[in-house]
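In what follows, a single structure is set out as structure tokens and then discussed.
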Amino acid sequence: MIVMVASAASTTFASYMPAAPGKAEPTGLRWKDRVIKIAISASMLEASPNIKTGSDVLSAIRNSILAWESSTDIRIELEISNRSSVSPSGVSGDGVSLVTIASTPENVLLFSKDPQAESAKTRVFYNRRNNITEADVVLNPFQQFSTDGTFGTFDLELTLTHEIGHLLGLRHTKVLGATMSGSLPKNGTFGESDISGRTLSTSDIAAIRELYGIDNQTENCCSTILGRLSAGALKPLKGLSIWAEESSTGLVSSMSEIAPDGTFKLGGLASGTYTVFWKNEAEGLHSQVNLLGTYKLVPDEVRVLNERVTLERSDVKLNYIGLNSQLTDTAISLAGGREYTVFLGGQNIDSNKVQIEFNSPFITVEPGSIREQDFGSDISVVSFVVKTHSNTPAGIYSIFATGDKGLLSSLVGALNIQ
């Protein structure tokens with residue numbers, strides 16, 4: 001069997017770079033003004049060995065911007081520039097937010113340590129008030145891009161949508177199927193192109209709305225769940241995340257890391273009912289997952305949750321998911337109304353003991369379909385049959401597994417239903 005386990009060379013998608021390396025960077029960076037000016041380098045529009053001939057570059061640029069403009073209260077103005085190089089790292093840049101793919105020495109230097117590891121990088125500058133003053137997007141001049149799903153290339157529109165998210169202040173998310181996931185595959189990973197990341201997930205939309213709000217005041221947004229988890233006196237909580245899923249559908253709606261002091265915030269949520277989970281990925285604890293509760297939010301509500309939690313070691317750890325006897329640490333894309341054989345890899349996944357399920361009435365596991373698969377001694381893998389209902393809402397869903405101890409493990413947003 002071919003085992004394609006995610007590696008830096010094949011699946012690392014993009015990087016977010018602080019402008020001043022070594023300086024502690026605050027969270028919640030955003031632009032002060034709602035109108036943001038971006039300069040498109042002429043290198044993006046000229047013939048380039050890095051962009052497949054015939055690619056619709058202008059549409060890719062416009063669509064990537066529209067995805068964010070239509071989700072939050074911002075507007076992006078474009079201009080064409082003869083500039084080609086990223087601003088050097090430091091306290092401030094040259095004042096121009098540039099999108100470029102030029103093979104200049106400054107741009108090439110960004111990828112020199114591992115030219116094949118990343119598709120793009122975004123360098124963000126900000127002031128003492130934590131307002132972004134400039135953000136430069138550099139597409140890797142060692143990589144290949146296309147807009148038609150060509151095998152082995154990065155999708156240009158998806159890449160730009162991801163990087164514009166960084167330009168606006170977003171970091172990577174641990175929701176695997178989100179546009180802002182830090183690890184997405186090239187076209188053809190499972191034998192076909194996957195451009196689902198061009199469309200923002202509900203978690204991407206919640207994240208950007210937490211920063212900028214919405215411009216349509218008739219919409220029921222935005223509500224917030226925040227609070228603090230504690231696990232004993234003065235005991236720091238490291239490696240914990242928290243996320244919310246729509247209770248009626250199971251769609252992943254928002255995810256955030258929990259600070260070492262236990263505080264957390266899930267913002268940008270539409271009114272509705274949410275099931276909230278927390279996950280412990282600290283080393284040695286095997287991705288323990290627990291249900292925090294189910295909460296109904298009204299428009300503009302701030303729900304405060306302060307809970308004490310118990311940290312335990314799960315006997316099952318989930319790392320990878322895949323199709324066609326291949327595994328990756330990215331999400332897989334499925335269509336509604338079909339049946340698939342899905343592969344799940346990690347540690348201590350015993351086909352005779354593990355229970356696999358989804359927090360959605362639209363996605364089910366065929367009873368008795370779990371089978372052990374041999375991928376070598378370093379990883380345990382099972383396959384199982386997943387059925388998606390024909391009316392499954394498009395979006396991203398988590399997969400859950402319960403081991404012999406009865407503790408949950410999860411891959412958040414591992415299924416992208418198109």
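Lettering and numbering for the structure tokens are positional, with chains as A, B, ... in the shown order, residues counted from 1 in each chain, and ligands counted from 1 in the shown order.
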- Where in segment 20-269 of chain A does DSSP assign strand (DSSP E), given as a PyMOL selection string? chain A and resi 30-31+35-41+75-81+98-100+120-126+131-139+145-146+154-155+221-230+240-246+252-257+263-269
Val276 of chain A surroundings by only C-alpha atoms, 10 Å radius, close-in-sequence under 4 positions cut, as an mmCIF file with all heavy atoms, in the first residue's frame:
data_model
loop_
_atom_site.group_PDB
_atom_site.id
_atom_site.type_symbol
_atom_site.label_atom_id
_atom_site.label_comp_id
_atom_site.auth_asym_id
_atom_site.auth_seq_id
_atom_site.Cartn_x
_atom_site.Cartn_y
_atom_site.Cartn_z
ATOM 1 N N ILE A 225 -18.981 32.945 23.163
ATOM 2 C CA ILE A 225 -18.840 32.073 24.328
ATOM 3 C C ILE A 225 -17.427 32.269 24.858
ATOM 4 O O ILE A 225 -16.453 32.086 24.123
ATOM 5 C CB ILE A 225 -19.061 30.592 23.965
ATOM 6 C CG1 ILE A 225 -20.476 30.366 23.418
ATOM 7 C CG2 ILE A 225 -18.826 29.697 25.184
ATOM 8 C CD1 ILE A 225 -20.709 28.961 22.905
ATOM 9 N N ILE A 242 -10.575 24.495 22.304
ATOM 10 C CA ILE A 242 -12.012 24.429 22.525
ATOM 11 C C ILE A 242 -12.702 24.758 21.217
ATOM 12 O O ILE A 242 -12.209 25.580 20.437
ATOM 13 C CB ILE A 242 -12.444 25.401 23.651
ATOM 14 C CG1 ILE A 242 -13.907 25.186 24.037
ATOM 15 C CG2 ILE A 242 -12.168 26.855 23.277
ATOM 16 C CD1 ILE A 242 -14.302 25.863 25.335
ATOM 17 N N TRP A 243 -13.811 24.078 20.926
ATOM 18 C CA TRP A 243 -14.525 24.370 19.700
ATOM 19 C C TRP A 243 -16.019 24.150 19.866
ATOM 20 O O TRP A 243 -16.466 23.447 20.767
ATOM 21 C CB TRP A 243 -13.979 23.567 18.520
ATOM 22 C CG TRP A 243 -14.392 22.128 18.420
ATOM 23 C CD1 TRP A 243 -15.417 21.622 17.658
ATOM 24 C CD2 TRP A 243 -13.784 20.998 19.056
ATOM 25 N NE1 TRP A 243 -15.469 20.257 17.773
ATOM 26 C CE2 TRP A 243 -14.485 19.847 18.628
ATOM 27 C CE3 TRP A 243 -12.711 20.853 19.937
ATOM 28 C CZ2 TRP A 243 -14.156 18.568 19.063
ATOM 29 C CZ3 TRP A 243 -12.386 19.578 20.377
ATOM 30 C CH2 TRP A 243 -13.089 18.458 19.945
ATOM 31 N N ALA A 244 -16.777 24.786 18.986
ATOM 32 C CA ALA A 244 -18.237 24.708 19.008
ATOM 33 C C ALA A 244 -18.739 24.151 17.686
ATOM 34 O O ALA A 244 -18.205 24.472 16.615
ATOM 35 C CB ALA A 244 -18.839 26.090 19.253
ATOM 36 N N GLU A 245 -19.757 23.295 17.773
ATOM 37 C CA GLU A 245 -20.407 22.750 16.587
ATOM 38 C C GLU A 245 -21.903 23.028 16.658
ATOM 39 O O GLU A 245 -22.502 22.978 17.744
ATOM 40 C CB GLU A 245 -20.162 21.242 16.487
ATOM 41 C CG GLU A 245 -18.694 20.878 16.391
ATOM 42 C CD GLU A 245 -18.453 19.383 16.204
ATOM 43 O OE1 GLU A 245 -19.436 18.614 16.157
ATOM 44 O OE2 GLU A 245 -17.283 18.996 16.107
ATOM 45 N N GLU A 246 -22.511 23.329 15.518
ATOM 46 C CA GLU A 246 -23.953 23.508 15.485
ATOM 47 C C GLU A 246 -24.629 22.222 15.943
ATOM 48 O O GLU A 246 -24.364 21.140 15.409
ATOM 49 C CB GLU A 246 -24.425 23.852 14.066
ATOM 50 C CG GLU A 246 -24.053 25.239 13.598
ATOM 51 C CD GLU A 246 -24.626 25.533 12.216
ATOM 52 O OE1 GLU A 246 -25.359 24.668 11.682
ATOM 53 O OE2 GLU A 246 -24.335 26.596 11.674
ATOM 54 N N SER A 247 -25.499 22.323 16.925
ATOM 55 C CA SER A 247 -26.103 21.124 17.494
ATOM 56 C C SER A 247 -26.998 20.393 16.508
ATOM 57 O O SER A 247 -27.085 19.164 16.521
ATOM 58 C CB SER A 247 -26.903 21.488 18.745
ATOM 59 O OG SER A 247 -26.062 22.006 19.745
ATOM 60 N N VAL A 252 -18.770 22.359 12.222
ATOM 61 C CA VAL A 252 -17.815 23.048 13.084
ATOM 62 C C VAL A 252 -17.974 24.546 12.880
ATOM 63 O O VAL A 252 -17.856 25.039 11.758
ATOM 64 C CB VAL A 252 -16.371 22.609 12.780
ATOM 65 C CG1 VAL A 252 -15.388 23.376 13.660
ATOM 66 C CG2 VAL A 252 -16.210 21.111 13.003
ATOM 67 N N SER A 253 -18.227 25.275 13.963
ATOM 68 C CA SER A 253 -18.561 26.694 13.859
ATOM 69 C C SER A 253 -17.451 27.621 14.301
ATOM 70 O O SER A 253 -17.331 28.732 13.788
ATOM 71 C CB SER A 253 -19.818 26.992 14.682
ATOM 72 O OG SER A 253 -20.900 26.203 14.238
ATOM 73 N N SER A 254 -16.651 27.211 15.266
ATOM 74 C CA SER A 254 -15.582 28.070 15.776
ATOM 75 C C SER A 254 -14.637 27.220 16.602
ATOM 76 O O SER A 254 -15.053 26.255 17.242
ATOM 77 C CB SER A 254 -16.170 29.201 16.637
ATOM 78 O OG SER A 254 -15.149 30.035 17.145
ATOM 79 N N MET A 255 -13.342 27.589 16.585
ATOM 80 C CA MET A 255 -12.349 26.871 17.380
ATOM 81 C C MET A 255 -11.273 27.833 17.830
ATOM 82 O O MET A 255 -10.911 28.764 17.104
ATOM 83 C CB MET A 255 -11.725 25.725 16.590
ATOM 84 C CG MET A 255 -10.826 24.820 17.420
ATOM 85 S SD MET A 255 -10.263 23.362 16.491
ATOM 86 C CE MET A 255 -9.506 22.405 17.823
ATOM 87 N N LEU A 266 -14.690 32.051 22.083
ATOM 88 C CA LEU A 266 -15.219 31.659 20.785
ATOM 89 C C LEU A 266 -16.149 32.769 20.332
ATOM 90 O O LEU A 266 -17.270 32.898 20.832
ATOM 91 C CB LEU A 266 -15.978 30.329 20.887
ATOM 92 C CG LEU A 266 -15.170 29.099 21.320
ATOM 93 C CD1 LEU A 266 -16.093 27.912 21.559
ATOM 94 C CD2 LEU A 266 -14.118 28.749 20.278
ATOM 95 N N ASN A 290 -13.518 16.069 25.579
ATOM 96 C CA ASN A 290 -14.648 16.049 26.498
ATOM 97 C C ASN A 290 -15.724 17.022 26.045
ATOM 98 O O ASN A 290 -15.429 18.073 25.471
ATOM 99 C CB ASN A 290 -14.219 16.420 27.923
ATOM 100 C CG ASN A 290 -13.582 15.255 28.651
ATOM 101 O OD1 ASN A 290 -12.401 14.978 28.483
ATOM 102 N ND2 ASN A 290 -14.361 14.562 29.447
ATOM 103 N N LEU A 291 -16.958 16.686 26.340
ATOM 104 C CA LEU A 291 -18.088 17.567 26.080
ATOM 105 C C LEU A 291 -18.218 18.561 27.215
ATOM 106 O O LEU A 291 -18.284 18.185 28.387
ATOM 107 C CB LEU A 291 -19.371 16.743 25.962
ATOM 108 C CG LEU A 291 -20.683 17.529 25.872
ATOM 109 C CD1 LEU A 291 -20.737 18.308 24.575
ATOM 110 C CD2 LEU A 291 -21.874 16.581 25.993
ATOM 111 N N LEU A 292 -18.225 19.856 26.858
ATOM 112 C CA LEU A 292 -18.405 20.885 27.872
ATOM 113 C C LEU A 292 -19.886 21.153 28.116
ATOM 114 O O LEU A 292 -20.308 21.397 29.243
ATOM 115 C CB LEU A 292 -17.703 22.176 27.435
ATOM 116 C CG LEU A 292 -17.518 23.258 28.516
ATOM 117 C CD1 LEU A 292 -16.667 22.727 29.659
ATOM 118 C CD2 LEU A 292 -16.876 24.492 27.917
ATOM 119 N N GLY A 293 -20.679 21.108 27.056
ATOM 120 C CA GLY A 293 -22.109 21.321 27.217
ATOM 121 C C GLY A 293 -22.749 21.807 25.931
ATOM 122 O O GLY A 293 -22.085 22.013 24.915
ATOM 123 N N THR A 294 -24.074 21.981 25.976
ATOM 124 C CA THR A 294 -24.834 22.499 24.849
ATOM 125 C C THR A 294 -25.494 23.802 25.272
ATOM 126 O O THR A 294 -26.120 23.870 26.341
ATOM 127 C CB THR A 294 -25.897 21.487 24.389
ATOM 128 O OG1 THR A 294 -25.245 20.280 23.982
ATOM 129 C CG2 THR A 294 -26.693 22.026 23.215
ATOM 130 N N TYR A 295 -25.378 24.837 24.440
ATOM 131 C CA TYR A 295 -25.793 26.176 24.835
ATOM 132 C C TYR A 295 -26.543 26.854 23.690
ATOM 133 O O TYR A 295 -26.108 26.806 22.539
ATOM 134 C CB TYR A 295 -24.576 27.018 25.225
ATOM 135 C CG TYR A 295 -23.685 26.315 26.222
ATOM 136 C CD1 TYR A 295 -22.587 25.578 25.781
ATOM 137 C CD2 TYR A 295 -23.961 26.353 27.578
ATOM 138 C CE1 TYR A 295 -21.775 24.908 26.679
ATOM 139 C CE2 TYR A 295 -23.158 25.680 28.489
ATOM 140 C CZ TYR A 295 -22.068 24.961 28.035
ATOM 141 O OH TYR A 295 -21.275 24.282 28.927
#
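Distance annotation: of A:Arg338, A:Arg34, A:Lys317, A:Lys296, the residue with the minimal separation from Gly272 of chain A is A:Lys296; atom set is only C-alpha atoms.
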- Quick one: residues within 7 Å of Gly197 of chain A, only C-alpha atoms counted, chain neighbours fewer than 6 positions away excluded, as a PyMOL selection string? chain A and resi 158+178-179
- Would you mind listing what lies within 8 Å of Met180 of chain A as a list in words, with only C-alpha atoms counted and same-chain residues fewer than 4 positions away left out? His162, Gly165, Leu170, Arg171, His172, Thr173 and Asp204 of chain A
With N, CA and C atoms retained, write the just-selected residues as a PDB file, in the first residue's frame.
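Dumped to selection39.pdb:
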ATOM      1  N   HIS A 162      -6.349  32.019   1.538  1.00  0.00           N
ATOM      2  CA  HIS A 162      -5.673  31.738   2.805  1.00  0.00           C
ATOM      3  C   HIS A 162      -4.773  32.907   3.217  1.00  0.00           C
ATOM      4  N   GLY A 165      -6.464  35.996   4.384  1.00  0.00           N
ATOM      5  CA  GLY A 165      -6.860  35.808   5.778  1.00  0.00           C
ATOM      6  C   GLY A 165      -5.754  36.211   6.734  1.00  0.00           C
ATOM      7  N   LEU A 170      -5.674  36.987  10.682  1.00  0.00           N
ATOM      8  CA  LEU A 170      -5.973  35.657  11.172  1.00  0.00           C
ATOM      9  C   LEU A 170      -4.721  34.784  11.223  1.00  0.00           C
ATOM     10  N   ARG A 171      -4.661  33.914  12.219  1.00  0.00           N
ATOM     11  CA  ARG A 171      -3.599  32.915  12.322  1.00  0.00           C
ATOM     12  C   ARG A 171      -4.140  31.582  11.797  1.00  0.00           C
ATOM     13  N   HIS A 172      -3.284  30.570  11.833  1.00  0.00           N
ATOM     14  CA  HIS A 172      -3.739  29.238  11.455  1.00  0.00           C
ATOM     15  C   HIS A 172      -4.710  28.689  12.489  1.00  0.00           C
ATOM     16  N   THR A 173      -5.631  27.866  12.026  1.00  0.00           N
ATOM     17  CA  THR A 173      -6.581  27.191  12.901  1.00  0.00           C
ATOM     18  C   THR A 173      -6.306  25.695  12.890  1.00  0.00           C
ATOM     19  N   ASP A 204     -13.996  29.822   9.697  1.00  0.00           N
ATOM     20  CA  ASP A 204     -13.269  30.963   9.126  1.00  0.00           C
ATOM     21  C   ASP A 204     -14.097  32.238   9.255  1.00  0.00           C
TER      22      ASP A 204
END
- Can you pull out every residue within 8 Å of Thr263 of chain A, counting only C-alpha atoms, but drop anything in the same chain fewer than 6 positions away, and send it as a VMD selection string? chain A and resid 226 to 229
Would you put the residues from that selection into a file with N, CA and C atoms, as a tab-separated table (two decimals), in the first residue's frame?
chain	number	residue	atom	x	y	z
A	226	LEU	N	-17.31	32.65	26.10
A	226	LEU	CA	-15.99	32.84	26.69
A	226	LEU	C	-16.01	32.38	28.14
A	227	GLY	N	-14.82	32.28	28.72
A	227	GLY	CA	-14.75	31.84	30.11
A	227	GLY	C	-13.38	31.28	30.46
A	228	ARG	N	-13.39	30.37	31.42
A	228	ARG	CA	-12.12	29.81	31.89
A	228	ARG	C	-12.32	28.37	32.34
A	229	LEU	N	-11.40	27.51	31.93
A	229	LEU	CA	-11.34	26.14	32.41
A	229	LEU	C	-10.23	26.03	33.43
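Using only C-alpha atoms, the smallest distance between any of A:Ala414, A:Leu251, A:Ile65, A:Ile214 and Pro361 of chain A comes from A:Leu251.
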- Message: Could you list, as a PyMOL selection string, every residue within 6 Å of segment 149-156 of chain A, counting only C-alpha atoms and ignoring same-chain residues fewer than 4 positions away?
- Response: chain A and resi 144-145+186-188+193
Mind dumping the selected residues with N, CA and C atoms as an mmCIF file, in the first residue's frame?
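The new file result.cif reads:
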data_model
loop_
_atom_site.group_PDB
_atom_site.id
_atom_site.type_symbol
_atom_site.label_atom_id
_atom_site.label_comp_id
_atom_site.auth_asym_id
_atom_site.auth_seq_id
_atom_site.Cartn_x
_atom_site.Cartn_y
_atom_site.Cartn_z
ATOM 1 N N GLN A 144 4.610 25.632 -7.899
ATOM 2 C CA GLN A 144 3.784 25.798 -9.089
ATOM 3 C C GLN A 144 2.332 26.019 -8.670
ATOM 4 N N PHE A 145 1.640 26.923 -9.376
ATOM 5 C CA PHE A 145 0.267 27.272 -9.062
ATOM 6 C C PHE A 145 -0.585 27.172 -10.330
ATOM 7 N N LYS A 186 -1.628 19.610 -2.018
ATOM 8 C CA LYS A 186 -1.623 20.041 -3.409
ATOM 9 C C LYS A 186 -2.757 19.349 -4.147
ATOM 10 N N ASN A 187 -3.046 19.840 -5.347
ATOM 11 C CA ASN A 187 -4.043 19.189 -6.183
ATOM 12 C C ASN A 187 -3.625 17.758 -6.493
ATOM 13 N N GLY A 188 -4.603 16.856 -6.408
ATOM 14 C CA GLY A 188 -4.338 15.470 -6.770
ATOM 15 C C GLY A 188 -3.891 14.586 -5.645
ATOM 16 N N SER A 193 -8.494 16.854 -7.938
ATOM 17 C CA SER A 193 -8.279 18.183 -7.378
ATOM 18 C C SER A 193 -9.311 18.459 -6.300
#
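The environment of segment 404-406 of chain A within 10 Å, counting only C-alpha atoms and disregarding residues fewer than 2 places along the same chain, consists of Arg313, Ser314, Asp315, Val316, Asn348, Ile349, Asp350, Asn352, Lys353, Val354, Gln355, Ala401, Thr402, Leu408 and Ser409 of chain A.
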Residues from last step as file, all heavy atoms, as a tab-separated table (two decimals), in the first residue's frame:
chain	number	residue	atom	x	y	z
A	313	ARG	N	-5.72	10.48	30.34
A	313	ARG	CA	-4.99	9.99	29.17
A	313	ARG	C	-5.90	9.05	28.37
A	313	ARG	O	-6.32	8.00	28.85
A	313	ARG	CB	-3.73	9.23	29.59
A	313	ARG	CG	-2.94	8.65	28.42
A	313	ARG	CD	-1.76	7.81	28.91
A	313	ARG	NE	-1.08	7.17	27.81
A	313	ARG	CZ	-0.08	7.71	27.13
A	313	ARG	NH1	0.34	8.91	27.47
A	313	ARG	NH2	0.49	7.07	26.14
A	314	SER	N	-6.23	9.46	27.16
A	314	SER	CA	-7.03	8.61	26.29
A	314	SER	C	-6.18	7.48	25.73
A	314	SER	O	-4.97	7.64	25.52
A	314	SER	CB	-7.61	9.44	25.14
A	314	SER	OG	-8.29	8.62	24.22
A	315	ASP	N	-6.79	6.33	25.51
A	315	ASP	CA	-6.04	5.20	24.97
A	315	ASP	C	-5.97	5.23	23.44
A	315	ASP	O	-5.25	4.46	22.83
A	315	ASP	CB	-6.65	3.87	25.42
A	315	ASP	CG	-8.14	3.79	25.14
A	315	ASP	OD1	-8.77	4.84	25.07
A	315	ASP	OD2	-8.65	2.66	25.00
A	316	VAL	N	-6.72	6.14	22.81
A	316	VAL	CA	-6.73	6.26	21.35
A	316	VAL	C	-6.24	7.64	20.95
A	316	VAL	O	-6.65	8.65	21.53
A	316	VAL	CB	-8.15	6.02	20.79
A	316	VAL	CG1	-8.20	6.32	19.30
A	316	VAL	CG2	-8.60	4.59	21.06
A	348	ASN	N	-3.06	3.06	18.77
A	348	ASN	CA	-3.97	2.22	19.56
A	348	ASN	C	-5.40	2.23	19.04
A	348	ASN	O	-6.36	2.21	19.81
A	348	ASN	CB	-3.97	2.66	21.03
A	348	ASN	CG	-2.58	2.64	21.65
A	348	ASN	OD1	-1.79	1.74	21.38
A	348	ASN	ND2	-2.27	3.64	22.45
A	349	ILE	N	-5.55	2.23	17.73
A	349	ILE	CA	-6.89	2.16	17.13
A	349	ILE	C	-7.19	0.69	16.85
A	349	ILE	O	-6.78	0.14	15.83
A	349	ILE	CB	-6.98	2.99	15.85
A	349	ILE	CG1	-6.49	4.43	16.09
A	349	ILE	CG2	-8.42	3.02	15.33
A	349	ILE	CD1	-6.47	5.28	14.85
A	350	ASP	N	-7.87	0.04	17.77
A	350	ASP	CA	-8.17	-1.38	17.69
A	350	ASP	C	-9.52	-1.56	17.01
A	350	ASP	O	-10.55	-1.08	17.50
A	350	ASP	CB	-8.21	-1.98	19.10
A	350	ASP	CG	-8.30	-3.50	19.09
A	350	ASP	OD1	-8.87	-4.06	18.14
A	350	ASP	OD2	-7.81	-4.13	20.05
A	352	ASN	N	-11.43	-3.95	16.87
A	352	ASN	CA	-12.39	-4.72	17.66
A	352	ASN	C	-12.96	-3.94	18.83
A	352	ASN	O	-13.94	-4.37	19.45
A	352	ASN	CB	-11.72	-6.00	18.19
A	352	ASN	CG	-11.30	-6.94	17.08
A	352	ASN	OD1	-12.06	-7.17	16.15
A	352	ASN	ND2	-10.08	-7.45	17.17
A	353	LYS	N	-12.35	-2.80	19.17
A	353	LYS	CA	-12.77	-2.05	20.35
A	353	LYS	C	-13.21	-0.62	20.05
A	353	LYS	O	-14.01	-0.05	20.78
A	353	LYS	CB	-11.64	-2.02	21.38
A	353	LYS	CG	-11.23	-3.38	21.90
A	353	LYS	CD	-10.07	-3.27	22.89
A	353	LYS	CE	-9.65	-4.65	23.40
A	353	LYS	NZ	-8.51	-4.54	24.34
A	354	VAL	N	-12.67	-0.03	18.99
A	354	VAL	CA	-12.93	1.38	18.73
A	354	VAL	C	-14.36	1.59	18.21
A	354	VAL	O	-14.90	0.76	17.49
A	354	VAL	CB	-11.91	1.95	17.72
A	354	VAL	CG1	-12.15	1.39	16.32
A	354	VAL	CG2	-11.96	3.47	17.70
A	355	GLN	N	-14.97	2.68	18.64
A	355	GLN	CA	-16.25	3.12	18.13
A	355	GLN	C	-16.04	4.45	17.40
A	355	GLN	O	-15.44	5.37	17.96
A	355	GLN	CB	-17.26	3.29	19.26
A	355	GLN	CG	-17.58	2.02	20.01
A	355	GLN	CD	-18.59	2.25	21.12
A	355	GLN	OE1	-19.31	3.24	21.12
A	355	GLN	NE2	-18.64	1.33	22.07
A	401	ALA	N	-13.72	9.21	17.91
A	401	ALA	CA	-13.45	7.80	18.17
A	401	ALA	C	-13.40	7.57	19.67
A	401	ALA	O	-12.83	8.38	20.42
A	401	ALA	CB	-12.12	7.38	17.52
A	402	THR	N	-13.98	6.48	20.11
A	402	THR	CA	-13.98	6.09	21.52
A	402	THR	C	-13.23	4.78	21.66
A	402	THR	O	-13.53	3.80	20.97
A	402	THR	CB	-15.40	5.92	22.06
A	402	THR	OG1	-16.14	7.12	21.82
A	402	THR	CG2	-15.38	5.64	23.56
A	408	LEU	N	-13.08	9.92	24.61
A	408	LEU	CA	-13.16	10.36	23.22
A	408	LEU	C	-11.84	10.90	22.70
A	408	LEU	O	-11.05	11.48	23.45
A	408	LEU	CB	-14.20	11.46	23.08
A	408	LEU	CG	-15.68	11.09	23.00
A	408	LEU	CD1	-16.52	12.36	23.01
A	408	LEU	CD2	-15.99	10.27	21.76
A	409	SER	N	-11.62	10.73	21.39
A	409	SER	CA	-10.57	11.40	20.66
A	409	SER	C	-11.21	11.95	19.40
A	409	SER	O	-12.28	11.49	18.99
A	409	SER	CB	-9.43	10.44	20.32
A	409	SER	OG	-8.34	11.11	19.73
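Here the question is which of A:Glu281, A:Asp148, A:Glu339, A:Asp374 gets nearest to Ser410 of chain A using only C-alpha atoms, and that residue is A:Glu281.
Candidate residues A:Phe264, A:Phe375, A:Phe384, A:Phe358 were compared for distance to Tyr340 of chain A, and the nearest is A:Phe384, using only C-alpha atoms.
Compared by their closest atoms to Ala135 of chain A, and using only C-alpha atoms, the residues A:Leu29, A:Leu109, A:Ala60, A:Val342 rank with A:Leu29 nearest.
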- Message: Which residue is closest to Phe362 of chain A? Choose from A:Ile164, A:Ile379, A:Ala335, A:Leu110 and count only C-alpha atoms.
- Response: A:Ala335
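Atom CA of Gly403 of chain A to atom CA of Asn280 of chain A spans 15.7 Å [interatomic distance, one decimal].
In this model, the gap between atom CA of Leu45 of chain A and atom CA of Ile208 of chain A comes to 28.0 Å.
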